[in-house]
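The file protein_6.txt contains compact mmCIF, C-alpha atoms:
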```
# COMPACT_ATOMS: atom_id res chain seq x y z
CA ASP A 1 102.96 107.00 96.50
CA GLY A 2 103.74 103.32 96.23
CA GLY A 3 102.02 101.30 93.61
CA ILE A 4 102.11 99.30 90.43
CA THR A 5 102.46 100.94 87.05
CA GLN A 6 101.45 99.14 83.89
CA SER A 7 102.09 100.42 80.39
CA PRO A 8 100.77 100.91 77.87
CA LYS A 9 97.14 101.17 78.92
CA TYR A 10 95.94 100.41 75.42
CA LEU A 11 97.80 98.50 72.75
CA PHE A 12 96.86 97.40 69.29
CA ARG A 13 98.73 94.63 67.55
CA LYS A 14 98.62 92.99 64.19
CA GLU A 15 98.42 89.24 64.05
CA GLY A 16 101.83 87.64 64.09
CA GLN A 17 103.51 90.36 66.13
CA ASN A 18 104.95 89.96 69.60
CA VAL A 19 104.18 92.67 72.15
CA THR A 20 105.60 93.35 75.57
CA LEU A 21 103.56 94.76 78.44
CA SER A 22 105.44 96.57 81.15
CA CYS A 23 104.86 96.22 84.88
CA GLU A 24 106.84 98.14 87.48
CA GLN A 25 106.25 98.25 91.24
CA ASN A 26 107.77 100.36 93.98
CA LEU A 27 106.14 98.53 96.87
CA ASN A 28 109.27 96.48 97.55
CA HIS A 29 107.22 93.32 97.09
CA ASP A 30 109.00 90.10 96.32
CA ALA A 31 106.21 88.35 94.42
CA MET A 32 104.69 89.51 91.15
CA TYR A 33 101.93 88.11 88.99
CA TRP A 34 100.27 88.42 85.60
CA TYR A 35 96.57 87.72 85.22
CA ARG A 36 94.38 87.80 82.18
CA GLN A 37 90.81 89.07 82.50
CA ASP A 38 88.11 88.07 80.03
CA PRO A 39 84.38 88.84 80.39
CA GLY A 40 82.63 86.15 82.41
CA GLN A 41 85.84 84.27 83.16
CA GLY A 42 87.26 86.23 86.01
CA LEU A 43 91.02 86.48 86.36
CA ARG A 44 93.25 83.66 85.20
CA LEU A 45 96.87 83.33 86.22
CA ILE A 46 99.40 83.50 83.40
CA TYR A 47 102.78 83.61 85.15
CA TYR A 48 104.07 84.41 88.59
CA SER A 49 107.39 85.11 90.21
CA GLN A 50 108.17 84.74 93.90
CA ILE A 51 111.69 86.11 93.67
CA VAL A 52 114.10 87.74 91.25
CA ASN A 53 115.40 85.48 88.48
CA ASP A 54 112.73 82.88 89.10
CA PHE A 55 109.22 82.49 87.68
CA GLN A 56 106.64 79.77 87.14
CA LYS A 57 103.83 79.08 84.73
CA GLY A 58 100.29 79.68 85.82
CA ASP A 59 97.14 78.16 84.37
CA ILE A 60 97.29 79.72 80.90
CA ALA A 61 100.99 80.28 80.15
CA GLU A 62 100.97 79.03 76.55
CA GLY A 63 101.85 81.82 74.14
CA TYR A 64 103.28 84.08 76.84
CA SER A 65 106.73 84.68 78.26
CA VAL A 66 108.10 86.69 81.17
CA SER A 67 111.35 87.73 82.77
CA ARG A 68 112.24 88.84 86.28
CA GLU A 69 115.68 90.43 86.15
CA LYS A 70 114.87 93.09 88.72
CA LYS A 71 112.71 93.03 91.81
CA GLU A 72 110.72 96.00 90.58
CA SER A 73 109.97 94.78 87.09
CA PHE A 74 108.02 91.86 85.60
CA PRO A 75 107.36 92.37 81.88
CA LEU A 76 105.01 90.09 79.97
CA THR A 77 105.49 89.27 76.30
CA VAL A 78 102.49 88.13 74.33
CA THR A 79 103.87 86.11 71.48
CA SER A 80 102.39 85.28 68.10
CA ALA A 81 101.79 81.78 69.45
CA GLN A 82 99.02 83.04 71.69
CA LYS A 83 95.84 82.07 69.83
CA ASN A 84 93.47 84.58 71.34
CA PRO A 85 95.50 87.45 72.79
CA THR A 86 92.82 90.15 72.83
CA ALA A 87 92.17 90.67 76.54
CA PHE A 88 92.72 92.85 79.57
CA TYR A 89 96.01 92.08 81.33
CA LEU A 90 96.55 92.77 85.01
CA CYS A 91 99.83 92.85 86.87
CA ALA A 92 99.88 92.39 90.62
CA SER A 93 102.31 92.06 93.49
CA MET A 94 102.33 90.61 96.98
CA THR A 95 104.60 90.90 99.94
CA ARG A 96 106.01 87.65 101.25
CA GLU A 97 105.88 88.91 104.81
CA GLY A 98 102.96 87.81 106.92
CA ASN A 99 101.60 85.51 104.22
CA THR A 100 98.45 87.61 103.97
CA GLY A 101 97.69 86.58 100.44
CA GLU A 102 96.59 90.10 99.55
CA LEU A 103 97.38 91.19 96.01
CA PHE A 104 97.93 94.76 94.87
CA PHE A 105 97.01 95.46 91.27
CA GLY A 106 98.02 97.83 88.52
CA GLU A 107 95.45 99.55 86.32
CA GLY A 108 95.80 97.04 83.55
CA SER A 109 96.71 96.96 79.87
CA ARG A 110 94.11 96.32 77.21
CA LEU A 111 95.50 94.49 74.20
CA THR A 112 93.55 94.31 70.98
CA VAL A 113 94.70 92.22 68.07
CA LEU A 114 93.57 93.54 64.73
CA ALA B 1 92.82 72.24 94.09
CA GLN B 2 91.07 75.23 95.54
CA SER B 3 88.30 76.82 93.52
CA VAL B 4 85.83 79.67 93.87
CA SER B 5 82.34 79.92 92.39
CA GLN B 6 80.29 83.03 91.87
CA HIS B 7 76.87 82.14 90.56
CA ASN B 8 75.50 85.64 90.03
CA HIS B 9 77.06 86.87 86.83
CA HIS B 10 75.07 90.07 86.36
CA VAL B 11 72.94 91.76 88.98
CA ILE B 12 70.80 94.83 88.41
CA LEU B 13 69.45 96.72 91.41
CA SER B 14 67.82 100.03 92.11
CA GLU B 15 69.42 102.45 94.51
CA ALA B 16 68.66 101.69 98.17
CA ALA B 17 68.03 98.03 97.46
CA SER B 18 69.88 95.44 99.52
CA LEU B 19 72.67 93.44 97.97
CA GLU B 20 73.91 89.92 98.47
CA LEU B 21 76.44 88.38 96.10
CA GLY B 22 77.20 84.70 96.45
CA CYS B 23 80.63 83.16 96.76
CA ASN B 24 81.30 79.48 97.39
CA TYR B 25 84.71 77.90 97.69
CA SER B 26 86.07 74.41 97.71
CA TYR B 27 88.94 73.82 100.07
CA GLY B 28 89.04 71.68 103.15
CA GLY B 29 91.72 73.46 105.11
CA THR B 30 92.02 76.80 106.82
CA VAL B 31 90.95 79.48 104.42
CA ASN B 32 91.58 83.11 103.89
CA LEU B 33 88.98 84.77 101.69
CA PHE B 34 88.87 88.03 99.82
CA TRP B 35 86.46 90.23 97.95
CA TYR B 36 87.91 92.59 95.36
CA VAL B 37 86.07 95.31 93.46
CA GLN B 38 86.79 96.82 90.07
CA TYR B 39 85.06 100.14 89.48
CA PRO B 40 84.74 101.25 85.85
CA GLY B 41 88.10 102.48 84.61
CA GLN B 42 89.86 101.78 87.88
CA HIS B 43 92.25 99.14 89.13
CA LEU B 44 91.15 96.12 91.10
CA GLN B 45 91.15 96.92 94.80
CA LEU B 46 90.56 95.04 98.02
CA LEU B 47 87.06 95.40 99.46
CA LEU B 48 87.45 93.15 102.49
CA LYS B 49 89.22 90.04 103.69
CA TYR B 50 88.70 87.21 106.16
CA PHE B 51 91.62 85.50 107.86
CA SER B 52 90.24 84.15 111.12
CA GLY B 53 88.14 85.14 114.11
CA ASP B 54 84.83 86.92 113.74
CA PRO B 55 83.11 85.41 110.69
CA LEU B 56 81.39 88.70 109.95
CA VAL B 57 83.89 90.93 108.24
CA LYS B 58 83.40 94.59 107.51
CA GLY B 59 85.06 96.32 104.61
CA ILE B 60 85.15 99.65 102.90
CA LYS B 61 82.13 101.62 101.71
CA GLY B 62 79.65 99.81 103.97
CA PHE B 63 80.24 96.33 102.59
CA GLU B 64 80.39 93.25 104.77
CA ALA B 65 80.77 89.54 104.22
CA GLU B 66 79.97 86.52 106.33
CA PHE B 67 82.14 83.42 106.38
CA ILE B 68 79.99 80.32 106.91
CA LYS B 69 82.29 77.35 107.12
CA SER B 70 79.53 74.74 107.06
CA LYS B 71 78.25 76.13 103.78
CA PHE B 72 81.68 76.91 102.28
CA SER B 73 80.37 80.37 101.59
CA PHE B 74 81.60 83.94 101.88
CA ASN B 75 78.74 86.07 100.60
CA LEU B 76 79.09 89.81 100.17
CA ARG B 77 76.34 92.07 101.48
CA LYS B 78 75.37 95.70 101.63
CA PRO B 79 72.11 96.92 103.17
CA SER B 80 71.53 99.77 100.75
CA VAL B 81 73.39 100.13 97.46
CA GLN B 82 74.27 103.37 95.73
CA TRP B 83 74.77 104.18 92.09
CA SER B 84 78.50 104.47 92.82
CA ASP B 85 78.59 100.77 93.75
CA THR B 86 78.26 99.89 90.08
CA ALA B 87 81.31 97.71 89.51
CA GLU B 88 82.52 94.17 89.04
CA TYR B 89 83.06 92.14 92.19
CA PHE B 90 85.41 89.19 92.54
CA CYS B 91 85.70 86.63 95.30
CA ALA B 92 89.12 85.04 95.77
CA LEU B 93 91.05 82.63 97.94
CA PRO B 94 94.76 81.86 98.15
CA ASP B 95 96.28 79.09 96.11
CA THR B 96 98.63 78.05 98.85
CA GLY B 97 100.76 75.90 96.58
CA ARG B 98 101.61 78.82 94.34
CA ARG B 99 101.17 81.76 96.72
CA ALA B 100 98.77 83.35 94.28
CA LEU B 101 95.05 84.08 94.40
CA THR B 102 92.39 82.04 92.66
CA PHE B 103 89.49 84.23 91.53
CA GLY B 104 85.86 83.56 90.84
CA SER B 105 84.33 84.51 87.50
CA GLY B 106 83.09 87.82 88.87
CA THR B 107 79.71 89.46 89.31
CA ARG B 108 78.86 92.60 87.43
CA LEU B 109 76.66 94.84 89.56
CA GLN B 110 74.66 97.57 87.91
CA VAL B 111 72.86 100.01 90.20
CA GLN B 112 70.18 102.10 88.57
CA PRO B 113 69.41 105.55 89.98
```
Will you turn the file into structure tokens for me?
Amino acid sequence: DGGITQSPKYLFRKEGQNVTLSCEQNLNHDAMYWYRQDPGQGLRLIYYSQIVNDFQKGDIAEGYSVSREKKESFPLTVTSAQKNPTAFYLCASMTREGNTGELFFGEGSRLTVL
Amino acid sequence: AQSVSQHNHHVILSEAASLELGCNYSYGGTVNLFWYVQYPGQHLQLLLKYFSGDPLVKGIKGFEAEFIKSKFSFNLRKPSVQWSDTAEYFCALPDTGRRALTFGSGTRLQVQP
């Protein structure tokens, strides 16, 4: 079955450590996204990538970094510069065909900073 | 810039009650609108979408939404909720400049048996 796989599902981190969240898709979608979900704030866009080897900052990119070396993969690194990293992180993808705007989501990764 | 507002943050209903969740957007052009649902422990999934045509859109699990252009609204409705509808619901519209989706703050629906 096609879909988006995020790992790990749960991650604990000490302050000052960088962590990388994995996102892999086999939907053959060109565009991939990272959102952050906090209670009462909905989903906020961190980074997005429309094509391999290219990505852009979203609304809350500070303290995060990404790479897009392969079409299938879009890992997110939460750096020590992120002031409040405890959150639920969602990866998504979209096909560029048809311009439907519909996003497909992974199951998410919950990061807790101790 | 486009934005989406969901004014109901937490709704508690009894089974069989009717549901209406509000969604208002700000964008002057042609809009596509979405409702996503996040059941406990599950990934975010599409409930229904509006692109054009009939303003009354039907989705999965008996949900529907009505696009009212004059009110900039896309409210989600269900005539009779079930306990299994307990979830968080998000309204969204495309950010055409970035080819991403802009989401509302979400509404947590709790259905009591």
Quiz prompt | chain B residues near chain A (12 Å cut-off, only C-alpha atoms) as an MDAnalysis selection string | solution = chainID B and resid 3:10 31:52 88:108
Just C-alpha atoms for this one: save the residues we selected as a PDB file, in the frame of the given file.
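What ended up in result22.pdb:
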```
ATOM      1  CA  SER B   3      88.300  76.820  93.520  1.00  0.00           C
ATOM      2  CA  VAL B   4      85.830  79.670  93.870  1.00  0.00           C
ATOM      3  CA  SER B   5      82.340  79.920  92.390  1.00  0.00           C
ATOM      4  CA  GLN B   6      80.290  83.030  91.870  1.00  0.00           C
ATOM      5  CA  HIS B   7      76.870  82.140  90.560  1.00  0.00           C
ATOM      6  CA  ASN B   8      75.500  85.640  90.030  1.00  0.00           C
ATOM      7  CA  HIS B   9      77.060  86.870  86.830  1.00  0.00           C
ATOM      8  CA  HIS B  10      75.070  90.070  86.360  1.00  0.00           C
ATOM      9  CA  VAL B  31      90.950  79.480 104.420  1.00  0.00           C
ATOM     10  CA  ASN B  32      91.580  83.110 103.890  1.00  0.00           C
ATOM     11  CA  LEU B  33      88.980  84.770 101.690  1.00  0.00           C
ATOM     12  CA  PHE B  34      88.870  88.030  99.820  1.00  0.00           C
ATOM     13  CA  TRP B  35      86.460  90.230  97.950  1.00  0.00           C
ATOM     14  CA  TYR B  36      87.910  92.590  95.360  1.00  0.00           C
ATOM     15  CA  VAL B  37      86.070  95.310  93.460  1.00  0.00           C
ATOM     16  CA  GLN B  38      86.790  96.820  90.070  1.00  0.00           C
ATOM     17  CA  TYR B  39      85.060 100.140  89.480  1.00  0.00           C
ATOM     18  CA  PRO B  40      84.740 101.250  85.850  1.00  0.00           C
ATOM     19  CA  GLY B  41      88.100 102.480  84.610  1.00  0.00           C
ATOM     20  CA  GLN B  42      89.860 101.780  87.880  1.00  0.00           C
ATOM     21  CA  HIS B  43      92.250  99.140  89.130  1.00  0.00           C
ATOM     22  CA  LEU B  44      91.150  96.120  91.100  1.00  0.00           C
ATOM     23  CA  GLN B  45      91.150  96.920  94.800  1.00  0.00           C
ATOM     24  CA  LEU B  46      90.560  95.040  98.020  1.00  0.00           C
ATOM     25  CA  LEU B  47      87.060  95.400  99.460  1.00  0.00           C
ATOM     26  CA  LEU B  48      87.450  93.150 102.490  1.00  0.00           C
ATOM     27  CA  LYS B  49      89.220  90.040 103.690  1.00  0.00           C
ATOM     28  CA  TYR B  50      88.700  87.210 106.160  1.00  0.00           C
ATOM     29  CA  PHE B  51      91.620  85.500 107.860  1.00  0.00           C
ATOM     30  CA  SER B  52      90.240  84.150 111.120  1.00  0.00           C
ATOM     31  CA  GLU B  88      82.520  94.170  89.040  1.00  0.00           C
ATOM     32  CA  TYR B  89      83.060  92.140  92.190  1.00  0.00           C
ATOM     33  CA  PHE B  90      85.410  89.190  92.540  1.00  0.00           C
ATOM     34  CA  CYS B  91      85.700  86.630  95.300  1.00  0.00           C
ATOM     35  CA  ALA B  92      89.120  85.040  95.770  1.00  0.00           C
ATOM     36  CA  LEU B  93      91.050  82.630  97.940  1.00  0.00           C
ATOM     37  CA  PRO B  94      94.760  81.860  98.150  1.00  0.00           C
ATOM     38  CA  ASP B  95      96.280  79.090  96.110  1.00  0.00           C
ATOM     39  CA  THR B  96      98.630  78.050  98.850  1.00  0.00           C
ATOM     40  CA  GLY B  97     100.760  75.900  96.580  1.00  0.00           C
ATOM     41  CA  ARG B  98     101.610  78.820  94.340  1.00  0.00           C
ATOM     42  CA  ARG B  99     101.170  81.760  96.720  1.00  0.00           C
ATOM     43  CA  ALA B 100      98.770  83.350  94.280  1.00  0.00           C
ATOM     44  CA  LEU B 101      95.050  84.080  94.400  1.00  0.00           C
ATOM     45  CA  THR B 102      92.390  82.040  92.660  1.00  0.00           C
ATOM     46  CA  PHE B 103      89.490  84.230  91.530  1.00  0.00           C
ATOM     47  CA  GLY B 104      85.860  83.560  90.840  1.00  0.00           C
ATOM     48  CA  SER B 105      84.330  84.510  87.500  1.00  0.00           C
ATOM     49  CA  GLY B 106      83.090  87.820  88.870  1.00  0.00           C
ATOM     50  CA  THR B 107      79.710  89.460  89.310  1.00  0.00           C
ATOM     51  CA  ARG B 108      78.860  92.600  87.430  1.00  0.00           C
TER      52      ARG B 108
END
```
Padding 4 Å on each side, edges along x, y and z: where is the centre of the box around the listed atoms of range 35-54 of chain B, and how long are its edges in Å to one decimal? Output it as lines of an AutoDock Vina configuration file.
```
center_x = 88.5
center_y = 93.3
center_z = 99.4
size_x = 15.5
size_y = 26.3
size_z = 37.5
```
Quiz item: Nearest to Ala61 in chain A: which of A:Gln17, A:Asn26, A:Thr95, A:Thr77 is it, counting only C-alpha atoms?
Solution: A:Thr77
Quiz item: CA of His29 in chain A to CA of Val78 in chain A: how many Å, to one decimal?
Solution: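 Computed distance, CA of His29 in chain A to CA of Val78 in chain A, equals 23.8 Å.
Residues in contact with Trp83 in chain B at 10 Å, where only C-alpha atoms are counted and same-chain residues fewer than 2 positions away are skipped, are listed as B:Leu13, B:Ser14, B:Glu15, B:Ala16, B:Val81, B:Asp85, B:Thr86, B:Ala87, B:Leu109, B:Gln110, B:Val111, B:Gln112, B:Pro113.
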Quiz item: Which polymer residues have any atom within 7 Å of an atom of Phe72 in chain B, counting all atoms listed in the file, with same-chain residues fewer than 6 positions away left out, as a VMD selection string?
Solution: chain B and resid 24 to 26
Quiz item: Interatomic distance between CA of Pro75 in chain A and CA of Phe55 in chain A?
Solution: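 These atoms are spaced 11.6 Å apart.
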Self-check item: Shell around Val19 in chain A at 12 Å using all atoms listed in the file, local window under 3 positions removed, as a list of chain:residue names
Solution: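 In the requested form, the answer reads A:Ser7, A:Pro8, A:Tyr10, A:Leu11, A:Phe12, A:Arg13, A:Lys14, A:Glu15, A:Gly16, A:Ser22, A:Gly63, A:Tyr64, A:Ser65, A:Val66, A:Pro75, A:Leu76, A:Thr77, A:Val78, A:Thr79, A:Ser80, A:Ala81, A:Gln82, A:Pro85, A:Thr86, A:Ser109, A:Arg110, A:Leu111, A:Thr112, A:Val113.
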Missing atoms in range 16-33 of chain B should be modelled up to N, CA and C atoms and reported as a PDB file, in the frame of the given file.
```
ATOM      1  N   ALA B  16      69.255 101.973  96.861  1.00  0.00           N
ATOM      2  CA  ALA B  16      68.660 101.690  98.170  1.00  0.00           C
ATOM      3  C   ALA B  16      68.253 100.234  98.351  1.00  0.00           C
ATOM      4  N   ALA B  17      68.328  99.453  97.303  1.00  0.00           N
ATOM      5  CA  ALA B  17      68.030  98.030  97.460  1.00  0.00           C
ATOM      6  C   ALA B  17      69.154  97.348  98.226  1.00  0.00           C
ATOM      7  N   SER B  18      68.842  96.203  98.821  1.00  0.00           N
ATOM      8  CA  SER B  18      69.880  95.440  99.520  1.00  0.00           C
ATOM      9  C   SER B  18      70.573  94.509  98.550  1.00  0.00           C
ATOM     10  N   LEU B  19      71.834  94.237  98.864  1.00  0.00           N
ATOM     11  CA  LEU B  19      72.670  93.440  97.970  1.00  0.00           C
ATOM     12  C   LEU B  19      73.203  92.212  98.693  1.00  0.00           C
ATOM     13  N   GLU B  20      73.182  91.091  98.004  1.00  0.00           N
ATOM     14  CA  GLU B  20      73.910  89.920  98.470  1.00  0.00           C
ATOM     15  C   GLU B  20      74.456  89.200  97.253  1.00  0.00           C
ATOM     16  N   LEU B  21      75.764  89.083  97.193  1.00  0.00           N
ATOM     17  CA  LEU B  21      76.440  88.380  96.100  1.00  0.00           C
ATOM     18  C   LEU B  21      77.033  87.091  96.663  1.00  0.00           C
ATOM     19  N   GLY B  22      76.763  85.996  95.958  1.00  0.00           N
ATOM     20  CA  GLY B  22      77.200  84.700  96.450  1.00  0.00           C
ATOM     21  C   GLY B  22      78.630  84.357  96.084  1.00  0.00           C
ATOM     22  N   CYS B  23      79.290  83.683  96.997  1.00  0.00           N
ATOM     23  CA  CYS B  23      80.630  83.160  96.760  1.00  0.00           C
ATOM     24  C   CYS B  23      80.750  81.837  97.497  1.00  0.00           C
ATOM     25  N   ASN B  24      81.059  80.780  96.780  1.00  0.00           N
ATOM     26  CA  ASN B  24      81.300  79.480  97.390  1.00  0.00           C
ATOM     27  C   ASN B  24      82.697  79.016  97.024  1.00  0.00           C
ATOM     28  N   TYR B  25      83.346  78.355  97.933  1.00  0.00           N
ATOM     29  CA  TYR B  25      84.710  77.900  97.690  1.00  0.00           C
ATOM     30  C   TYR B  25      84.801  76.410  97.978  1.00  0.00           C
ATOM     31  N   SER B  26      85.806  75.805  97.410  1.00  0.00           N
ATOM     32  CA  SER B  26      86.070  74.410  97.710  1.00  0.00           C
ATOM     33  C   SER B  26      87.503  74.290  98.190  1.00  0.00           C
ATOM     34  N   TYR B  27      87.632  74.035  99.450  1.00  0.00           N
ATOM     35  CA  TYR B  27      88.940  73.820 100.070  1.00  0.00           C
ATOM     36  C   TYR B  27      88.689  73.344 101.473  1.00  0.00           C
ATOM     37  N   GLY B  28      89.333  72.269 101.861  1.00  0.00           N
ATOM     38  CA  GLY B  28      89.040  71.680 103.150  1.00  0.00           C
ATOM     39  C   GLY B  28      89.820  72.214 104.322  1.00  0.00           C
ATOM     40  N   GLY B  29      90.859  72.981 104.036  1.00  0.00           N
ATOM     41  CA  GLY B  29      91.720  73.460 105.110  1.00  0.00           C
ATOM     42  C   GLY B  29      91.331  74.841 105.598  1.00  0.00           C
ATOM     43  N   THR B  30      92.238  75.429 106.341  1.00  0.00           N
ATOM     44  CA  THR B  30      92.020  76.800 106.820  1.00  0.00           C
ATOM     45  C   THR B  30      92.028  77.755 105.639  1.00  0.00           C
ATOM     46  N   VAL B  31      91.053  78.607 105.589  1.00  0.00           N
ATOM     47  CA  VAL B  31      90.950  79.480 104.420  1.00  0.00           C
ATOM     48  C   VAL B  31      91.084  80.942 104.800  1.00  0.00           C
ATOM     49  N   ASN B  32      91.684  81.667 103.899  1.00  0.00           N
ATOM     50  CA  ASN B  32      91.580  83.110 103.890  1.00  0.00           C
ATOM     51  C   ASN B  32      90.721  83.443 102.681  1.00  0.00           C
ATOM     52  N   LEU B  33      89.869  84.431 102.793  1.00  0.00           N
ATOM     53  CA  LEU B  33      88.980  84.770 101.690  1.00  0.00           C
ATOM     54  C   LEU B  33      88.963  86.266 101.459  1.00  0.00           C
TER      55      LEU B  33
END
```
